[in-house]
file coords-v6.cif (mmCIF, C-alpha atoms)
data_input
#
loop_
_atom_site.label_atom_id
_atom_site.label_comp_id
_atom_site.auth_asym_id
_atom_site.auth_seq_id
_atom_site.Cartn_x
_atom_site.Cartn_y
_atom_site.Cartn_z
CA MET Q 1 -53.74 -43.16 172.67
CA LYS Q 2 -54.99 -40.02 174.41
CA THR Q 3 -54.90 -36.79 172.43
CA ILE Q 4 -54.54 -33.48 174.26
CA VAL Q 5 -54.88 -30.27 172.27
CA PHE Q 6 -53.41 -27.12 173.81
CA GLN Q 7 -54.97 -23.93 172.48
CA GLY Q 8 -54.19 -20.28 173.06
CA ASP Q 9 -51.96 -17.38 172.16
CA SER Q 10 -48.20 -16.73 172.40
CA ILE Q 11 -48.03 -18.06 175.95
CA THR Q 12 -49.06 -21.45 174.60
CA ASP Q 13 -47.30 -21.07 171.25
CA CYS Q 14 -43.97 -20.17 172.87
CA GLY Q 15 -41.85 -20.41 169.74
CA ARG Q 16 -43.21 -23.71 168.45
CA ASN Q 17 -42.20 -24.78 164.95
CA ARG Q 18 -45.47 -24.51 163.04
CA GLU Q 19 -43.98 -26.37 160.08
CA ALA Q 20 -43.00 -29.36 162.20
CA ASP Q 21 -45.00 -32.57 162.28
CA ILE Q 22 -47.07 -32.85 165.46
CA ASN Q 23 -45.06 -35.91 166.45
CA THR Q 24 -41.73 -34.02 166.54
CA PRO Q 25 -40.46 -32.15 169.61
CA GLY Q 26 -40.18 -28.77 167.89
CA HIS Q 27 -43.94 -28.73 167.49
CA LEU Q 28 -44.41 -28.33 171.25
CA GLY Q 29 -42.53 -25.04 171.62
CA LEU Q 30 -40.35 -24.00 174.55
CA GLY Q 31 -42.96 -23.27 177.20
CA TYR Q 32 -45.40 -24.91 179.57
CA VAL Q 33 -46.79 -27.27 176.89
CA ASN Q 34 -43.38 -28.84 176.36
CA SER Q 35 -42.91 -29.31 180.12
CA ILE Q 36 -46.35 -30.91 180.46
CA ALA Q 37 -45.78 -33.26 177.53
CA GLY Q 38 -42.40 -34.33 178.87
CA ARG Q 39 -43.80 -35.15 182.29
CA LEU Q 40 -46.81 -37.06 180.94
CA LEU Q 41 -44.75 -39.08 178.48
CA LEU Q 42 -42.14 -39.92 181.10
CA ASP Q 43 -44.51 -40.83 183.92
CA ASP Q 44 -47.03 -42.84 181.92
CA PRO Q 45 -45.55 -44.24 178.70
CA ALA Q 46 -48.32 -46.83 178.49
CA ALA Q 47 -50.92 -44.09 178.01
CA MET Q 48 -49.34 -43.07 174.69
CA TYR Q 49 -50.22 -39.38 175.01
CA ARG Q 50 -50.32 -37.32 171.85
CA CYS Q 51 -49.83 -33.68 172.84
CA VAL Q 52 -50.73 -31.16 170.15
CA ASN Q 53 -49.75 -27.49 170.52
CA LYS Q 54 -51.90 -25.21 168.38
CA GLY Q 55 -51.34 -21.93 170.20
CA ILE Q 56 -50.73 -18.96 167.90
CA SER Q 57 -49.01 -15.78 169.01
CA GLY Q 58 -51.27 -12.73 169.03
CA ASN Q 59 -54.55 -14.63 169.09
CA ARG Q 60 -57.66 -13.21 170.71
CA VAL Q 61 -60.75 -15.29 171.42
CA VAL Q 62 -62.19 -14.30 168.04
CA ASP Q 63 -59.10 -15.64 166.28
CA LEU Q 64 -59.36 -18.86 168.22
CA TYR Q 65 -62.98 -19.27 167.17
CA ALA Q 66 -62.13 -18.68 163.50
CA ARG Q 67 -59.70 -21.60 163.40
CA TRP Q 68 -61.33 -23.86 165.98
CA LYS Q 69 -62.51 -26.58 163.60
CA ILE Q 70 -59.20 -27.27 161.90
CA ASP Q 71 -56.99 -26.61 164.93
CA ALA Q 72 -59.03 -28.32 167.65
CA LEU Q 73 -62.17 -30.24 166.70
CA ASN Q 74 -60.62 -32.07 163.75
CA PHE Q 75 -58.11 -33.77 166.05
CA ASN Q 76 -60.99 -35.48 167.87
CA PRO Q 77 -59.15 -34.91 171.15
CA ASP Q 78 -59.82 -36.50 174.50
CA LEU Q 79 -58.91 -33.25 176.26
CA ILE Q 80 -58.74 -29.63 175.14
CA SER Q 81 -56.79 -27.11 177.22
CA ILE Q 82 -57.53 -23.42 176.55
CA LEU Q 83 -55.67 -20.29 177.64
CA ILE Q 84 -56.99 -17.11 176.02
CA GLY Q 85 -57.76 -13.56 177.08
CA VAL Q 86 -54.69 -11.39 177.54
CA ASN Q 87 -54.55 -10.31 173.88
CA ASP Q 88 -58.20 -9.35 174.02
CA VAL Q 89 -56.93 -6.63 176.36
CA TRP Q 90 -53.46 -5.99 174.92
CA HIS Q 91 -54.68 -5.48 171.36
CA GLU Q 92 -57.00 -2.75 172.58
CA VAL Q 93 -54.17 -0.98 174.38
CA GLU Q 94 -51.73 -1.27 171.49
CA ARG Q 95 -53.96 -1.22 168.39
CA GLN Q 96 -57.51 -0.35 169.45
CA ASN Q 97 -58.45 -3.81 168.18
CA GLY Q 98 -59.21 -5.70 171.37
CA VAL Q 99 -62.26 -7.73 172.30
CA GLU Q 100 -64.42 -6.13 174.98
CA CYS Q 101 -65.32 -8.33 177.93
CA GLU Q 102 -68.96 -8.84 176.95
CA ARG Q 103 -68.00 -10.02 173.46
CA TYR Q 104 -65.15 -12.13 174.91
CA GLU Q 105 -67.75 -14.01 176.95
CA GLN Q 106 -70.12 -14.32 174.00
CA ILE Q 107 -67.50 -15.76 171.63
CA TYR Q 108 -65.93 -17.99 174.28
CA ARG Q 109 -69.35 -19.44 175.10
CA MET Q 110 -70.07 -20.04 171.41
CA LEU Q 111 -66.75 -21.84 171.08
CA LEU Q 112 -67.51 -24.11 174.03
CA GLU Q 113 -71.07 -24.79 172.88
CA TRP Q 114 -69.75 -25.77 169.46
CA THR Q 115 -67.15 -28.04 171.05
CA LYS Q 116 -69.66 -29.85 173.22
CA LYS Q 117 -72.04 -30.29 170.30
CA VAL Q 118 -69.38 -31.85 168.05
CA LEU Q 119 -67.44 -33.67 170.79
CA PRO Q 120 -69.91 -34.36 173.62
CA ASP Q 121 -67.44 -36.54 175.51
CA VAL Q 122 -64.43 -34.27 175.28
CA LYS Q 123 -62.91 -33.09 178.55
CA LEU Q 124 -62.11 -29.42 178.97
CA LEU Q 125 -59.51 -27.56 181.01
CA ILE Q 126 -59.88 -23.79 181.02
CA MET Q 127 -56.83 -21.86 182.18
CA GLU Q 128 -57.18 -18.48 183.83
CA PRO Q 129 -55.71 -15.57 181.84
CA PHE Q 130 -53.18 -13.67 183.93
CA ALA Q 131 -50.75 -10.76 184.07
CA LEU Q 132 -48.40 -9.04 186.50
CA LEU Q 133 -47.65 -5.33 186.77
CA SER Q 134 -44.76 -4.25 184.55
CA ASP Q 135 -43.69 -1.59 182.07
CA VAL Q 136 -46.35 -3.05 179.77
CA VAL Q 137 -49.06 -3.96 182.27
CA ASP Q 138 -50.51 -1.12 184.34
CA ASP Q 139 -53.36 -1.27 186.85
CA ASP Q 140 -56.03 -0.74 184.19
CA PHE Q 141 -54.57 -3.45 181.96
CA LEU Q 142 -54.47 -5.88 184.89
CA ALA Q 143 -58.02 -5.04 185.90
CA GLU Q 144 -59.25 -5.84 182.38
CA VAL Q 145 -57.41 -9.17 182.37
CA LYS Q 146 -59.04 -10.03 185.69
CA LEU Q 147 -62.48 -9.31 184.23
CA ARG Q 148 -61.81 -11.88 181.53
CA ALA Q 149 -60.44 -14.28 184.12
CA ALA Q 150 -63.78 -14.06 185.92
CA VAL Q 151 -65.54 -14.91 182.65
CA ALA Q 152 -63.26 -17.90 182.11
CA ARG Q 153 -64.05 -19.17 185.61
CA LYS Q 154 -67.78 -18.69 185.01
CA LEU Q 155 -67.69 -20.56 181.70
CA ALA Q 156 -65.69 -23.41 183.20
CA ALA Q 157 -68.44 -23.96 185.74
CA GLU Q 158 -71.14 -23.65 183.07
CA PHE Q 159 -69.53 -26.24 180.79
CA ASP Q 160 -68.34 -28.67 183.46
CA ALA Q 161 -64.69 -27.91 182.72
CA VAL Q 162 -61.79 -27.96 185.13
CA PHE Q 163 -60.76 -24.39 185.86
CA LEU Q 164 -57.07 -23.74 186.48
CA PRO Q 165 -56.52 -20.54 188.54
CA LEU Q 166 -53.15 -18.98 187.82
CA GLN Q 167 -53.29 -15.33 188.89
CA ASP Q 168 -53.09 -16.07 192.63
CA LYS Q 169 -50.25 -18.54 192.04
CA LEU Q 170 -48.25 -15.97 190.12
CA ASP Q 171 -49.01 -13.23 192.65
CA ALA Q 172 -47.75 -15.48 195.43
CA ALA Q 173 -44.65 -16.48 193.46
CA ALA Q 174 -43.78 -12.84 192.75
CA LYS Q 175 -43.80 -12.12 196.48
CA LEU Q 176 -41.07 -14.72 197.01
CA ASN Q 177 -38.44 -12.53 195.39
CA ASN Q 178 -40.35 -9.28 194.89
CA CYS Q 179 -39.69 -9.47 191.16
CA ASN Q 180 -42.58 -9.81 188.74
CA CYS Q 181 -40.30 -10.12 185.72
CA TYR Q 182 -38.69 -13.23 187.20
CA TRP Q 183 -41.98 -15.04 186.48
CA LEU Q 184 -43.48 -13.06 183.60
CA ARG Q 185 -40.67 -11.30 181.78
CA ASP Q 186 -42.85 -8.45 180.47
CA GLY Q 187 -45.83 -8.92 182.74
CA VAL Q 188 -47.46 -11.31 180.25
CA HIS Q 189 -45.03 -13.86 178.79
CA PRO Q 190 -43.65 -16.45 181.23
CA SER Q 191 -39.98 -16.93 181.94
CA PRO Q 192 -38.63 -20.49 182.30
CA ALA Q 193 -39.63 -20.37 185.97
CA GLY Q 194 -43.07 -19.04 185.07
CA ASN Q 195 -43.60 -21.73 182.46
CA GLN Q 196 -42.65 -24.42 184.94
CA LEU Q 197 -45.02 -22.98 187.54
CA ILE Q 198 -47.83 -23.12 184.98
CA ALA Q 199 -46.93 -26.64 183.87
CA ASP Q 200 -46.87 -27.96 187.43
CA ALA Q 201 -50.23 -26.34 188.17
CA TRP Q 202 -51.70 -27.77 184.96
CA LEU Q 203 -50.52 -31.30 185.75
CA GLU Q 204 -52.11 -31.13 189.20
CA ALA Q 205 -55.38 -29.71 187.90
CA ALA Q 206 -55.61 -32.21 185.05
CA LYS Q 207 -55.23 -35.34 187.17
CA PRO Q 208 -58.98 -36.15 187.27
CA LEU Q 209 -59.24 -35.58 183.51
CA LEU Q 210 -56.40 -37.95 182.66
CA LYS Q 211 -57.86 -40.93 184.47
CA ASP Q 212 -59.32 -43.69 182.31
#
call {"tool": "encode", "arguments": {"input": "coords-v6.cif", "output": "C-alpha coordinates"}}
result
Amino acid sequence: MKTIVFQGDSITDCGRNREADINTPGHLGLGYVNSIAGRLLLDDPAAMYRCVNKGISGNRVVDLYARWKIDALNFNPDLISILIGVNDVWHEVERQNGVECERYEQIYRMLLEWTKKVLPDVKLLIMEPFALLSDVVDDDFLAEVKLRAAVARKLAAEFDAVFLPLQDKLDAAAKLNNCNCYWLRDGVHPSPAGNQLIADAWLEAAKPLLKD
(Lines of atoms letter the chains of each structure in order from A and count residues from 1; the text may use other names and numbers.)
(Lines give C-alpha, C1' and ligand atoms only; values in the text may rest on other atoms or scores of the structure.)
Protein backbone atom coordinates (compact mmCIF):
# COMPACT_ATOMS: atom_id res chain seq x y z
CA MET A 1 0.00 0.00 0.00
CA LYS A 2 1.23 3.49 -0.87
CA THR A 3 0.19 6.31 1.43
CA ILE A 4 -0.13 9.84 0.06
CA VAL A 5 -0.76 12.69 2.49
CA PHE A 6 -2.19 15.90 1.04
CA GLN A 7 -1.49 18.95 3.19
CA GLY A 8 -2.57 22.55 2.92
CA ASP A 9 -5.34 25.04 3.54
CA SER A 10 -8.95 25.38 2.33
CA ILE A 11 -7.98 24.66 -1.27
CA THR A 12 -6.90 21.19 -0.16
CA ASP A 13 -9.52 20.83 2.57
CA CYS A 14 -12.39 21.69 0.21
CA GLY A 15 -15.22 20.72 2.55
CA ARG A 16 -13.81 17.39 3.70
CA ASN A 17 -15.57 15.65 6.58
CA ARG A 18 -12.99 15.89 9.36
CA GLU A 19 -14.94 13.43 11.49
CA ALA A 20 -14.91 10.76 8.79
CA ASP A 21 -12.54 7.81 8.83
CA ILE A 22 -9.69 8.27 6.37
CA ASN A 23 -10.93 5.26 4.43
CA THR A 24 -14.33 6.82 3.66
CA PRO A 25 -14.98 9.05 0.64
CA GLY A 26 -16.16 12.06 2.67
CA HIS A 27 -12.69 12.37 4.12
CA LEU A 28 -11.30 13.45 0.75
CA GLY A 29 -13.44 16.56 0.31
CA LEU A 30 -14.88 17.89 -2.95
CA GLY A 31 -11.78 19.29 -4.61
CA TYR A 32 -8.60 18.31 -6.39
CA VAL A 33 -7.67 15.67 -3.79
CA ASN A 34 -10.85 13.72 -4.47
CA SER A 35 -10.23 13.86 -8.23
CA ILE A 36 -6.64 12.67 -7.80
CA ALA A 37 -7.65 9.81 -5.51
CA GLY A 38 -10.37 8.67 -7.89
CA ARG A 39 -8.01 8.58 -10.85
CA LEU A 40 -5.24 6.76 -8.98
CA LEU A 41 -7.59 4.17 -7.50
CA LEU A 42 -9.26 3.55 -10.85
CA ASP A 43 -6.12 3.36 -12.98
CA ASP A 44 -3.97 1.28 -10.64
CA PRO A 45 -6.06 -0.78 -8.20
CA ALA A 46 -3.12 -3.11 -7.57
CA ALA A 47 -1.14 -0.26 -5.99
CA MET A 48 -3.66 0.04 -3.16
CA TYR A 49 -3.25 3.78 -2.71
CA ARG A 50 -4.27 5.28 0.61
CA CYS A 51 -4.97 8.97 0.04
CA VAL A 52 -5.17 11.07 3.20
CA ASN A 53 -6.51 14.64 3.08
CA LYS A 54 -5.34 16.71 6.03
CA GLY A 55 -5.84 20.19 4.60
CA ILE A 56 -7.43 22.65 7.02
CA SER A 57 -9.21 25.80 5.91
CA GLY A 58 -7.46 29.00 6.96
CA ASN A 59 -4.06 27.46 7.57
CA ARG A 60 -0.85 29.41 7.12
CA VAL A 61 2.56 27.78 7.03
CA VAL A 62 2.91 28.30 10.79
CA ASP A 63 -0.33 26.41 11.39
CA LEU A 64 0.87 23.60 9.18
CA TYR A 65 4.10 23.35 11.15
CA ALA A 66 2.24 23.23 14.47
CA ARG A 67 0.29 20.11 13.48
CA TRP A 68 2.84 18.50 11.17
CA LYS A 69 3.70 15.53 13.39
CA ILE A 70 0.18 14.26 13.96
CA ASP A 71 -1.21 15.22 10.55
CA ALA A 72 1.70 14.20 8.32
CA LEU A 73 4.69 12.43 9.85
CA ASN A 74 2.68 9.99 11.95
CA PHE A 75 1.13 8.49 8.82
CA ASN A 76 4.60 7.39 7.68
CA PRO A 77 3.64 8.34 4.13
CA ASP A 78 5.39 7.41 0.92
CA LEU A 79 4.55 10.82 -0.56
CA ILE A 80 3.59 14.16 0.95
CA SER A 81 1.94 16.81 -1.23
CA ILE A 82 1.97 20.38 0.12
CA LEU A 83 0.06 23.47 -1.00
CA ILE A 84 0.45 26.43 1.35
CA GLY A 85 0.98 30.16 1.05
CA VAL A 86 -2.11 32.09 0.05
CA ASN A 87 -3.37 32.51 3.63
CA ASP A 88 0.02 33.81 4.67
CA VAL A 89 -0.94 36.77 2.46
CA TRP A 90 -4.72 36.82 2.93
CA HIS A 91 -4.58 36.83 6.72
CA GLU A 92 -2.41 39.93 6.61
CA VAL A 93 -4.87 41.71 4.33
CA GLU A 94 -7.93 40.71 6.34
CA ARG A 95 -6.63 40.43 9.92
CA GLN A 96 -3.08 41.80 10.05
CA ASN A 97 -2.05 38.28 11.04
CA GLY A 98 -0.22 37.03 7.97
CA VAL A 99 3.21 35.49 7.68
CA GLU A 100 5.77 37.71 5.97
CA CYS A 101 7.72 36.14 3.12
CA GLU A 102 11.00 35.80 5.02
CA ARG A 103 9.31 33.96 7.89
CA TYR A 104 7.27 31.88 5.42
CA GLU A 105 10.55 30.62 3.96
CA GLN A 106 12.06 30.03 7.38
CA ILE A 107 9.13 27.97 8.69
CA TYR A 108 8.63 26.10 5.43
CA ARG A 109 12.32 25.13 5.42
CA MET A 110 12.10 23.98 9.04
CA LEU A 111 9.09 21.84 8.15
CA LEU A 112 10.92 20.20 5.26
CA GLU A 113 14.09 19.66 7.27
CA TRP A 114 12.06 17.99 10.00
CA THR A 115 10.31 15.80 7.44
CA LYS A 116 13.54 14.62 5.85
CA LYS A 117 15.08 13.91 9.24
CA VAL A 118 12.16 11.75 10.40
CA LEU A 119 11.29 10.25 6.99
CA PRO A 120 14.49 10.29 4.92
CA ASP A 121 12.94 8.25 2.12
CA VAL A 122 9.69 10.16 1.79
CA LYS A 123 8.95 11.73 -1.58
CA LEU A 124 7.80 15.33 -1.70
CA LEU A 125 5.61 17.26 -4.12
CA ILE A 126 5.45 21.00 -3.50
CA MET A 127 2.59 22.81 -5.19
CA GLU A 128 2.90 26.44 -6.19
CA PRO A 129 0.57 28.82 -4.32
CA PHE A 130 -1.54 30.80 -6.76
CA ALA A 131 -4.23 33.45 -7.19
CA LEU A 132 -6.05 35.35 -9.92
CA LEU A 133 -7.20 38.96 -9.87
CA SER A 134 -10.70 39.37 -8.44
CA ASP A 135 -12.74 41.46 -6.02
CA VAL A 136 -10.62 39.88 -3.29
CA VAL A 137 -7.24 39.66 -5.02
CA ASP A 138 -5.69 42.94 -6.17
CA ASP A 139 -2.29 43.49 -7.76
CA ASP A 140 -0.52 43.80 -4.40
CA PHE A 141 -2.13 40.62 -3.09
CA LEU A 142 -1.12 38.73 -6.22
CA ALA A 143 2.42 40.05 -6.05
CA GLU A 144 2.77 38.78 -2.48
CA VAL A 145 1.46 35.35 -3.46
CA LYS A 146 4.02 35.21 -6.26
CA LEU A 147 6.81 35.99 -3.80
CA ARG A 148 5.80 32.95 -1.78
CA ALA A 149 5.52 30.91 -4.96
CA ALA A 150 9.15 31.73 -5.69
CA VAL A 151 10.07 30.51 -2.21
CA ALA A 152 8.16 27.27 -2.75
CA ARG A 153 10.03 26.70 -6.02
CA LYS A 154 13.36 27.41 -4.32
CA LEU A 155 12.65 25.00 -1.47
CA ALA A 156 11.52 22.28 -3.86
CA ALA A 157 14.90 22.42 -5.56
CA GLU A 158 16.72 22.53 -2.21
CA PHE A 159 14.93 19.44 -0.87
CA ASP A 160 14.83 17.41 -4.08
CA ALA A 161 11.05 17.69 -4.31
CA VAL A 162 8.93 17.78 -7.42
CA PHE A 163 7.66 21.32 -7.92
CA LEU A 164 4.22 21.72 -9.47
CA PRO A 165 3.81 25.16 -11.14
CA LEU A 166 0.18 26.25 -11.19
CA GLN A 167 0.11 30.03 -11.66
CA ASP A 168 1.01 29.93 -15.37
CA LYS A 169 -1.51 27.14 -15.96
CA LEU A 170 -4.29 29.15 -14.35
CA ASP A 171 -3.26 32.34 -16.15
CA ALA A 172 -3.42 30.49 -19.47
CA ALA A 173 -6.76 28.89 -18.61
CA ALA A 174 -8.28 32.25 -17.68
CA LYS A 175 -7.37 33.60 -21.12
CA LEU A 176 -9.47 30.89 -22.76
CA ASN A 177 -12.72 32.52 -21.67
CA ASN A 178 -11.46 35.80 -20.20
CA CYS A 179 -13.07 34.91 -16.88
CA ASN A 180 -10.90 34.43 -13.81
CA CYS A 181 -13.84 33.40 -11.63
CA TYR A 182 -14.56 30.46 -13.93
CA TRP A 183 -11.37 28.86 -12.56
CA LEU A 184 -10.97 30.45 -9.13
CA ARG A 185 -14.38 31.61 -7.95
CA ASP A 186 -13.03 34.38 -5.70
CA GLY A 187 -9.52 34.59 -7.06
CA VAL A 188 -8.30 31.96 -4.57
CA HIS A 189 -10.66 28.99 -4.23
CA PRO A 190 -10.98 26.74 -7.29
CA SER A 191 -14.23 26.04 -9.08
CA PRO A 192 -14.94 22.49 -10.30
CA ALA A 193 -13.02 23.33 -13.48
CA GLY A 194 -10.15 24.79 -11.47
CA ASN A 195 -9.98 21.76 -9.21
CA GLN A 196 -9.86 19.46 -12.21
CA LEU A 197 -7.10 21.53 -13.80
CA ILE A 198 -5.08 21.22 -10.59
CA ALA A 199 -5.76 17.49 -10.28
CA ASP A 200 -4.69 16.80 -13.86
CA ALA A 201 -1.51 18.83 -13.38
CA TRP A 202 -0.77 17.01 -10.11
CA LEU A 203 -1.20 13.58 -11.68
CA GLU A 204 1.21 14.47 -14.48
CA ALA A 205 3.80 15.95 -12.12
CA ALA A 206 3.60 13.03 -9.70
CA LYS A 207 4.23 10.28 -12.25
CA PRO A 208 7.94 9.86 -11.39
CA LEU A 209 7.11 9.80 -7.67
CA LEU A 210 4.50 7.06 -8.00
CA LYS A 211 6.77 4.59 -9.71
CA ASP A 212 7.97 1.65 -7.63
call {"tool": "resolve_selection", "arguments": {"input": "coords-v6.cif", "expression": "the PyMOL selection byres ((chain Q and resi 177-184) around 9)", "output": "JSON, numbers by chain"}}
result
{"Q": [131, 132, 133, 134, 170, 171, 173, 174, 175, 176, 185, 186, 187, 188, 189, 190, 191, 192, 193, 194, 195, 197]}
call {"tool": "atom_distance", "arguments": {"input": "coords-v6.cif", "atom1": "CA of Glu94 (chain Q)", "atom2": "CA of Val136 (chain Q)"}}
result
10.0 Å
call {"tool": "closest_residue", "arguments": {"input": "coords-v6.cif", "among": "Q:Leu166, Q:Ile56, Q:Ile107, Q:Val86", "to": "Ala199 (chain Q)", "atoms": "all atoms listed in the file"}}
result
Q:Leu166
call {"tool": "resolve_selection", "arguments": {"input": "coords-v6.cif", "expression": "the PyMOL selection byres ((chain Q and resi 126) around 8)", "output": "list in words"}}
result
Ser81, Ile82, Leu83, Leu124, Leu125, Met127, Glu128, Ala152, Arg153, Ala156, Ala161, Val162, Phe163 and Leu164 of chain Q
call {"tool": "write_last_selection", "arguments": {"input": "coords-v6.cif", "atoms": "C-alpha atoms", "output": "mmCIF file, in the coordinates of the input"}}
result
data_model
loop_
_atom_site.group_PDB
_atom_site.id
_atom_site.type_symbol
_atom_site.label_atom_id
_atom_site.label_comp_id
_atom_site.auth_asym_id
_atom_site.auth_seq_id
_atom_site.Cartn_x
_atom_site.Cartn_y
_atom_site.Cartn_z
ATOM 1 C CA SER Q 81 -56.790 -27.110 177.220
ATOM 2 C CA ILE Q 82 -57.530 -23.420 176.550
ATOM 3 C CA LEU Q 83 -55.670 -20.290 177.640
ATOM 4 C CA LEU Q 124 -62.110 -29.420 178.970
ATOM 5 C CA LEU Q 125 -59.510 -27.560 181.010
ATOM 6 C CA MET Q 127 -56.830 -21.860 182.180
ATOM 7 C CA GLU Q 128 -57.180 -18.480 183.830
ATOM 8 C CA ALA Q 152 -63.260 -17.900 182.110
ATOM 9 C CA ARG Q 153 -64.050 -19.170 185.610
ATOM 10 C CA ALA Q 156 -65.690 -23.410 183.200
ATOM 11 C CA ALA Q 161 -64.690 -27.910 182.720
ATOM 12 C CA VAL Q 162 -61.790 -27.960 185.130
ATOM 13 C CA PHE Q 163 -60.760 -24.390 185.860
ATOM 14 C CA LEU Q 164 -57.070 -23.740 186.480
#
call {"tool": "atom_distance", "arguments": {"input": "coords-v6.cif", "atom1": "CA of Val61 (chain Q)", "atom2": "CA of Tyr108 (chain Q)"}}
result
6.5 Å
call {"tool": "resolve_selection", "arguments": {"input": "coords-v6.cif", "expression": "the PyMOL selection byres ((chain Q and resi 13-25) around 9)", "output": "ChimeraX atom specification"}}
result
/Q:6-12,26-34,50-57,189
call {"tool": "residues_near_point", "arguments": {"input": "coords-v6.cif", "point": "(-66.5, -23.0, 167.1)", "cutoff": "12 Å", "atoms": "only C-alpha atoms", "output": "list in words"}}
result
Val61, Val62, Asp63, Leu64, Tyr65, Ala66, Arg67, Trp68, Lys69, Ile70, Asp71, Ala72, Leu73, Asn74, Gln106, Ile107, Tyr108, Arg109, Met110, Leu111, Leu112, Glu113, Trp114, Thr115, Lys116, Lys117, Val118 and Leu119 of chain Q
call {"tool": "atom_distance", "arguments": {"input": "coords-v6.cif", "atom1": "CA of Arg95 (chain Q)", "atom2": "CA of Asp168 (chain Q)"}}
result
28.4 Å
call {"tool": "closest_residue", "arguments": {"input": "coords-v6.cif", "among": "Q:Glu204, Q:Asp140, Q:Asp121, Q:Glu105", "to": "Glu158 (chain Q)", "atoms": "all atoms listed in the file"}}
result
Q:Glu105
call {"tool": "residues_near_point", "arguments": {"input": "coords-v6.cif", "point": "(-53.0, -38.7, 182.1)", "cutoff": "8 Å", "atoms": "all atoms listed in the file", "output": "list in words"}}
result
Leu40, Asp44, Ala47, Tyr49, Ala206, Lys207, Leu209, Leu210 and Lys211 of chain Q
call {"tool": "closest_residue", "arguments": {"input": "coords-v6.cif", "among": "Q:Gly38, Q:Lys146, Q:Ala205, Q:Val122", "to": "Asp88 (chain Q)", "atoms": "all atoms listed in the file"}}
result
Q:Lys146
call {"tool": "closest_residue", "arguments": {"input": "coords-v6.cif", "among": "Q:Ile4, Q:Asn59, Q:Gln167, Q:Glu102", "to": "Ile36 (chain Q)", "atoms": "all atoms listed in the file"}}
result
Q:Ile4
call {"tool": "axis_aligned_box", "arguments": {"input": "coords-v6.cif", "around": "region 127-131 of chain Q", "padding_each_side": "6 Å", "output": "AutoDock Vina command-line options"}}
result
--center_x -54.0 --center_y -16.3 --center_z 183.0 --size_x 18.4 --size_y 23.1 --size_z 14.2
